[in-house]
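*Asks:* First, the structure itself, so that you have it in front of you.
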Amino acid sequence: MRNVFKEVGFSDEEINRKLREVEYSFFEDPEDHLFFPVGEDMAYIEDTGNNDARTEGMSYGMMMCVQLNRQADFDRLWKWSKTFMFQTEGEFKDYFAWSCKTTGEKNAEGPAPDGEEYYAMALLFAHRRWGSREGIFNYEKEARAILSAVLHKGEAGRAGDPMWNRENGQILFVPGSPFTDPSYHLPHFYEQFALYADEDDRAFWKFAAQKSREFLITACDPETGMNPEYSTFEGKPFVREGSRWRHDWFYSDAYRTSANLGMDALWYGIDVGQYQAAGKLAKFLLPHDFGRETVFEIDGTAVEEPVKHPLGVLAATAEGALCSKDLSAGTLSPEDEALREFVRKLFLEPMRRGKMRYYDNCLALFAHLALSGRYQIY
């Protein structure tokens, strides 16, 4: 895998040391870890800003564990997820409740589709890296069950709604919703699902990968590269009726899209025009203290709202550098120069400490894995 940190001038020794620091901060640091063991065989990832465990963080943690070869910790997270989050009856049967108290009590019944897609991908990789075992640790069987549920809920007596729009191939914000979240679109995952899901569903996953790449071209502003948190299926900013929060600007969820573009470039390199957004985003944000000054409308209009996750926007934008060809080249475009600066800045930036560290440090750990060539396909 490509090592962008090395391209921009860091040595193997420096990169290995930084990766160990990042891993230690996330899993082991006595004060600022996010991985919390429970008893002898379970653990959760805490959203420290909200004092809960979310399928987002749990599934992220499992993917991190696969990449870092931490099988025991992977199994702890998966058992906690299946014990407390997995739904066995009702409308959301076979889905995971998106938020639980750290005691395991559910805060909500409904699921968040980004959790399910990360659970499925992490489980498939676990099967191929470590091999499946019995019960809930039959990783391959569990992954296929998730991928079946997200497409076939509502069919043949299965209550509830699916997580994908089968007609346009797009993931939904929540099951049954009439809009999407651009940062949920993971075409590089769907390419893998097209190889390893139930055979009858493989053509759909290939279709979903194609449609997600096409969608991302429309969701990212052609000048700034920014995308909204929520959007219509046509890529236009979506204002959620009845919500007191704005989700049509470049904020929090939206930061992840550049990282996803980078991962798709790293694993598959299928560019139908969407990769240009990563460079445009970096070029736009660079003069604004790497995007940490203020929140923006996707056209670049500043909003009087502080950036909630300054390390998160830095990390995800830096990960978008994987959309570039080679950042070690002597003469770079303005976009590639900006991406290079983001990569260098991220490498020198410490992990976030304190109460609000969860989202930032999740995105930072993923970015360090990806930019060092350690985010592998298994």
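Labels for the structure tokens follow display order: chains A, B, ..., residues from 1 in each chain, ligands from 1.
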If you run DSSP over the backbone, which residues in stretch 30-63 of chain A end up strand (DSSP E or B)? Put them as a list in words.
*Replies:*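 Selection result, strand (DSSP E or B) within stretch 30-63 of chain A: Phe35, Phe36, Pro37, Val38, Met42, Ala43, Tyr44, Ile45, Glu46, Asp47, Asp52, Ala53 and Arg54 of chain A.
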*Asks:* Write the residues of the preceding selection, restricted to C-alpha atoms, as a compact mmCIF listing (two decimals), in the first residue's frame.
*Replies:*
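Everything below was put into part-v2.txt:
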```txt
# COMPACT_ATOMS: atom_id res chain seq x y z
CA PHE A 35 -11.41 1.65 24.51
CA PHE A 36 -13.03 0.54 27.77
CA PRO A 37 -12.85 -3.18 28.75
CA VAL A 38 -15.88 -4.65 30.54
CA MET A 42 -16.34 -7.37 26.43
CA ALA A 43 -15.46 -3.74 25.74
CA TYR A 44 -16.96 -0.58 24.29
CA ILE A 45 -15.70 2.54 22.52
CA GLU A 46 -17.08 5.58 24.33
CA ASP A 47 -18.27 8.76 22.69
CA ASP A 52 -22.52 6.75 25.29
CA ALA A 53 -21.45 3.94 22.99
CA ARG A 54 -22.51 4.20 19.35
```
*Asks:* Find the residues near A:Tyr230: any atom within 7 Å, counting only C-alpha atoms, skip ones fewer than 4 places away on the same chain, and give them as a list of chain:residue names.
*Replies:*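 Non-adjacent residues within range: A:Thr180, A:Asp181, A:Pro182, A:Pro237, A:Phe238, A:His247, A:Asp248.
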*Asks:* From the list A:Leu348, A:Ala120, A:Met226, A:Cys323, which residue is nearest A:Glu297 when using only C-alpha atoms?
*Replies:* A:Met226
*Asks:* Grab the atom CA of A:Ala194 to atom CA of A:Gly169 distance for me, in Å with one decimal place.
*Replies:*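 Here the two named atoms are 12.9 Å from each other.
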*Asks:* So that I can check the secondary structure, give me every residue of stretch 47-136 of chain A assigned helix (DSSP H, G or I) by backbone DSSP, as a PyMOL selection string.
*Replies:* chain A and resi 55-68+71-85+113-130+135-136
*Asks:* Smallest atom-to-atom distance to A:Trp205: which of A:Val313, A:Val174, A:Leu147, A:Val307, using only C-alpha atoms?
*Replies:*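 Among the listed residues, the smallest separation from A:Trp205 belongs to A:Leu147.
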*Asks:* Considering only C-alpha atoms, state which residue in the set A:Arg70, A:His127, A:Lys79, A:Arg2 is at the smallest distance from A:Glu40.
*Replies:*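 The answer is A:Lys79, which sits nearest to A:Glu40.
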*Asks:* I want to know what sits within 12 Å of stretch 332-334 of chain A, based on only C-alpha atoms, with residues of the same chain fewer than 6 positions away left out; could you give that as a PyMOL selection string?
*Replies:* chain A and resi 8+276+279-284+286+324-326+340-341
*Asks:* Could you save the residues just selected, with N, CA and C atoms, as an mmCIF file, in the first residue's frame?
*Replies:*
```cif
data_model
loop_
_atom_site.group_PDB
_atom_site.id
_atom_site.type_symbol
_atom_site.label_atom_id
_atom_site.label_comp_id
_atom_site.auth_asym_id
_atom_site.auth_seq_id
_atom_site.Cartn_x
_atom_site.Cartn_y
_atom_site.Cartn_z
ATOM 1 N N VAL A 8 5.942 12.621 1.715
ATOM 2 C CA VAL A 8 6.095 14.030 2.091
ATOM 3 C C VAL A 8 7.305 14.263 2.982
ATOM 4 N N GLN A 276 -11.433 14.749 -7.589
ATOM 5 C CA GLN A 276 -11.005 16.147 -7.634
ATOM 6 C C GLN A 276 -11.466 16.918 -6.407
ATOM 7 N N GLY A 279 -8.757 17.486 -3.466
ATOM 8 C CA GLY A 279 -7.778 18.546 -3.661
ATOM 9 C C GLY A 279 -8.388 19.931 -3.554
ATOM 10 N N LYS A 280 -9.593 20.100 -4.082
ATOM 11 C CA LYS A 280 -10.255 21.397 -3.995
ATOM 12 C C LYS A 280 -10.593 21.744 -2.554
ATOM 13 N N LEU A 281 -10.990 20.736 -1.796
ATOM 14 C CA LEU A 281 -11.285 20.965 -0.383
ATOM 15 C C LEU A 281 -10.046 21.417 0.366
ATOM 16 N N ALA A 282 -8.939 20.733 0.168
ATOM 17 C CA ALA A 282 -7.698 21.105 0.855
ATOM 18 C C ALA A 282 -7.254 22.509 0.461
ATOM 19 N N LYS A 283 -7.348 22.830 -0.813
ATOM 20 C CA LYS A 283 -6.951 24.163 -1.286
ATOM 21 C C LYS A 283 -7.821 25.246 -0.652
ATOM 22 N N PHE A 284 -9.129 24.974 -0.536
ATOM 23 C CA PHE A 284 -10.022 25.972 0.058
ATOM 24 C C PHE A 284 -9.746 26.144 1.548
ATOM 25 N N LEU A 286 -7.051 25.361 3.419
ATOM 26 C CA LEU A 286 -5.691 25.658 3.877
ATOM 27 C C LEU A 286 -5.525 27.082 4.413
ATOM 28 N N SER A 324 -4.492 11.992 -4.707
ATOM 29 C CA SER A 324 -3.433 12.577 -5.526
ATOM 30 C C SER A 324 -2.589 11.462 -6.140
ATOM 31 N N LYS A 325 -1.780 11.814 -7.104
ATOM 32 C CA LYS A 325 -0.951 10.800 -7.773
ATOM 33 C C LYS A 325 0.320 10.504 -6.982
ATOM 34 N N ASP A 326 1.064 11.553 -6.629
ATOM 35 C CA ASP A 326 2.337 11.359 -5.926
ATOM 36 C C ASP A 326 2.752 12.685 -5.320
ATOM 37 N N ARG A 340 -0.507 18.155 0.473
ATOM 38 C CA ARG A 340 0.783 17.858 1.099
ATOM 39 C C ARG A 340 0.899 18.554 2.453
ATOM 40 N N GLU A 341 0.457 19.802 2.519
ATOM 41 C CA GLU A 341 0.515 20.545 3.779
ATOM 42 C C GLU A 341 -0.407 19.921 4.831
#
```
*Asks:* Counting only C-alpha atoms, which residue out of A:Val150, A:Leu261, A:Cys362, A:Met163 sits closest to A:Ser59?
*Replies:* A:Cys362
*Asks:* Could you check which of A:Ala278, A:Ala208, A:Met85, A:Val239 is closest to A:Cys100, using only C-alpha atoms?
*Replies:*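 The shortest atom-to-atom distance to A:Cys100 comes from A:Met85.
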*Asks:* Nearest to A:Phe189 among A:Arg158, A:Lys236, A:Arg144, A:Lys206, with distances taken over only C-alpha atoms: which residue is it?
*Replies:*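 Going through A:Arg158, A:Lys236, A:Arg144, A:Lys206 one by one, the smallest distance to A:Phe189 is for A:Lys206.
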*Asks:* Record the distance separating atom CA of A:Ala149 and atom CA of A:Leu77, expressed in Å with one decimal.
*Replies:* 20.6 Å
*Asks:* Could you pull the residues within 8 Å of A:Gly61, counting only C-alpha atoms, minus those fewer than 3 positions along the same chain, as a ChimeraX atom specification?
*Replies:* /A:45,57-58,64-65,74,77
*Asks:* For the residues selected in the previous step, produce a file with all heavy atoms as a short mmCIF file (atom, residue, chain, number, x, y, z; two decimals), in the first residue's frame.
*Replies:*
```cif
data_model
loop_
_atom_site.label_atom_id
_atom_site.label_comp_id
_atom_site.auth_asym_id
_atom_site.auth_seq_id
_atom_site.Cartn_x
_atom_site.Cartn_y
_atom_site.Cartn_z
N ILE A 45 -16.33 1.26 22.87
CA ILE A 45 -15.70 2.54 22.52
C ILE A 45 -16.66 3.63 22.97
O ILE A 45 -17.83 3.63 22.58
CB ILE A 45 -15.46 2.65 21.00
CG1 ILE A 45 -14.58 1.51 20.49
CG2 ILE A 45 -14.86 4.02 20.67
CD1 ILE A 45 -13.16 1.50 20.98
N GLY A 57 -18.83 4.21 16.59
CA GLY A 57 -17.56 3.99 17.28
C GLY A 57 -17.24 2.52 17.49
O GLY A 57 -16.08 2.11 17.39
N MET A 58 -18.26 1.71 17.77
CA MET A 58 -18.02 0.28 17.98
C MET A 58 -17.52 -0.38 16.71
O MET A 58 -16.55 -1.16 16.72
CB MET A 58 -19.31 -0.40 18.46
CG MET A 58 -19.81 0.10 19.80
SD MET A 58 -18.70 -0.27 21.18
CE MET A 58 -18.97 -2.04 21.36
N MET A 64 -10.48 -0.90 13.25
CA MET A 64 -9.13 -0.57 13.73
C MET A 64 -8.43 -1.81 14.26
O MET A 64 -7.24 -2.03 14.00
CB MET A 64 -9.21 0.51 14.81
CG MET A 64 -9.71 1.85 14.33
SD MET A 64 -10.12 2.93 15.74
CE MET A 64 -10.85 4.33 14.90
N CYS A 65 -9.16 -2.63 15.01
CA CYS A 65 -8.57 -3.84 15.59
C CYS A 65 -8.13 -4.81 14.50
O CYS A 65 -7.08 -5.46 14.63
CB CYS A 65 -9.57 -4.51 16.53
SG CYS A 65 -9.80 -3.66 18.11
N PHE A 74 -11.00 -6.97 19.27
CA PHE A 74 -12.07 -7.06 18.27
C PHE A 74 -13.22 -7.89 18.84
O PHE A 74 -14.38 -7.48 18.78
CB PHE A 74 -11.53 -7.72 17.00
CG PHE A 74 -12.53 -7.87 15.89
CD1 PHE A 74 -12.55 -6.98 14.83
CD2 PHE A 74 -13.43 -8.94 15.88
CE1 PHE A 74 -13.48 -7.13 13.79
CE2 PHE A 74 -14.35 -9.10 14.85
CZ PHE A 74 -14.37 -8.19 13.81
N LEU A 77 -15.26 -6.05 21.54
CA LEU A 77 -16.18 -5.05 20.99
C LEU A 77 -17.38 -5.73 20.33
O LEU A 77 -18.52 -5.27 20.47
CB LEU A 77 -15.45 -4.16 19.99
CG LEU A 77 -14.38 -3.24 20.57
CD1 LEU A 77 -13.58 -2.60 19.44
CD2 LEU A 77 -14.99 -2.16 21.47
#
```
*Asks:* Can you pull out the residues contacting A:Gly273? Cut-off 12 Å, using only C-alpha atoms, and skip same-chain residues under 2 positions away; I want them as a PDB file with C-alpha atoms, in the first residue's frame.
*Replies:*
```pdb
ATOM      1  CA  GLN A 210     -20.911   2.731  -9.165  1.00  0.00           C
ATOM      2  CA  SER A 212     -22.003   6.101  -4.921  1.00  0.00           C
ATOM      3  CA  ARG A 213     -19.066   7.303  -7.007  1.00  0.00           C
ATOM      4  CA  GLU A 214     -21.427   9.116  -9.362  1.00  0.00           C
ATOM      5  CA  PHE A 215     -23.345  10.602  -6.437  1.00  0.00           C
ATOM      6  CA  LEU A 216     -20.200  11.968  -4.773  1.00  0.00           C
ATOM      7  CA  ILE A 217     -19.420  14.050  -7.857  1.00  0.00           C
ATOM      8  CA  THR A 218     -22.703  15.900  -7.382  1.00  0.00           C
ATOM      9  CA  ALA A 219     -22.555  16.076  -3.570  1.00  0.00           C
ATOM     10  CA  CYS A 220     -19.179  17.880  -3.453  1.00  0.00           C
ATOM     11  CA  PRO A 222     -17.317  21.978  -7.770  1.00  0.00           C
ATOM     12  CA  GLY A 225     -14.963  20.427  -2.666  1.00  0.00           C
ATOM     13  CA  LEU A 261     -12.645   9.405  -1.318  1.00  0.00           C
ATOM     14  CA  ALA A 265      -8.538   5.761  -4.332  1.00  0.00           C
ATOM     15  CA  GLY A 269      -8.445   3.882  -7.969  1.00  0.00           C
ATOM     16  CA  ILE A 270     -11.676   4.127  -9.973  1.00  0.00           C
ATOM     17  CA  ASP A 271     -11.951   7.853 -10.629  1.00  0.00           C
ATOM     18  CA  TYR A 275     -11.482  12.521  -6.598  1.00  0.00           C
ATOM     19  CA  GLN A 276     -11.005  16.147  -7.634  1.00  0.00           C
ATOM     20  CA  ALA A 277     -13.080  17.179  -4.616  1.00  0.00           C
ATOM     21  CA  ALA A 278     -10.320  16.152  -2.176  1.00  0.00           C
ATOM     22  CA  GLY A 279      -7.778  18.546  -3.661  1.00  0.00           C
ATOM     23  CA  CYS A 323      -6.630  10.878  -4.327  1.00  0.00           C
TER      24      CYS A 323
END
```
*Asks:* Excluding A:Ala367 and any residue of its chain fewer than 2 positions from it, enumerate the residues within 7 Å of it, using only C-alpha atoms, and give them as a count of residues only.
*Replies:* 9
*Asks:* For A:Phe250, find every residue with an atom within 9 Å (counting only C-alpha atoms), except residues of its own chain fewer than 5 positions away, and show them as a PyMOL selection string.
*Replies:* chain A and resi 226-229+255+295-298
*Asks:* Now that the selection is made, can you save its residues with C-alpha atoms as a PDB file, in the first residue's frame?
*Replies:*
```pdb
ATOM      1  CA  MET A 226     -17.209  20.640   0.412  1.00  0.00           C
ATOM      2  CA  ASN A 227     -20.308  18.501   0.853  1.00  0.00           C
ATOM      3  CA  PRO A 228     -23.283  18.843   3.205  1.00  0.00           C
ATOM      4  CA  GLU A 229     -23.935  16.557   6.147  1.00  0.00           C
ATOM      5  CA  TYR A 255     -15.639  15.800   7.088  1.00  0.00           C
ATOM      6  CA  VAL A 295     -17.960  26.260   9.817  1.00  0.00           C
ATOM      7  CA  PHE A 296     -18.839  26.837   6.155  1.00  0.00           C
ATOM      8  CA  GLU A 297     -21.737  26.553   3.790  1.00  0.00           C
ATOM      9  CA  ILE A 298     -20.645  24.220   1.006  1.00  0.00           C
TER      10      ILE A 298
END
```
*Asks:* At what distance in Å, to one decimal, does atom CA of A:Phe179 lie from atom CA of A:Ser231?
*Replies:* 6.0 Å
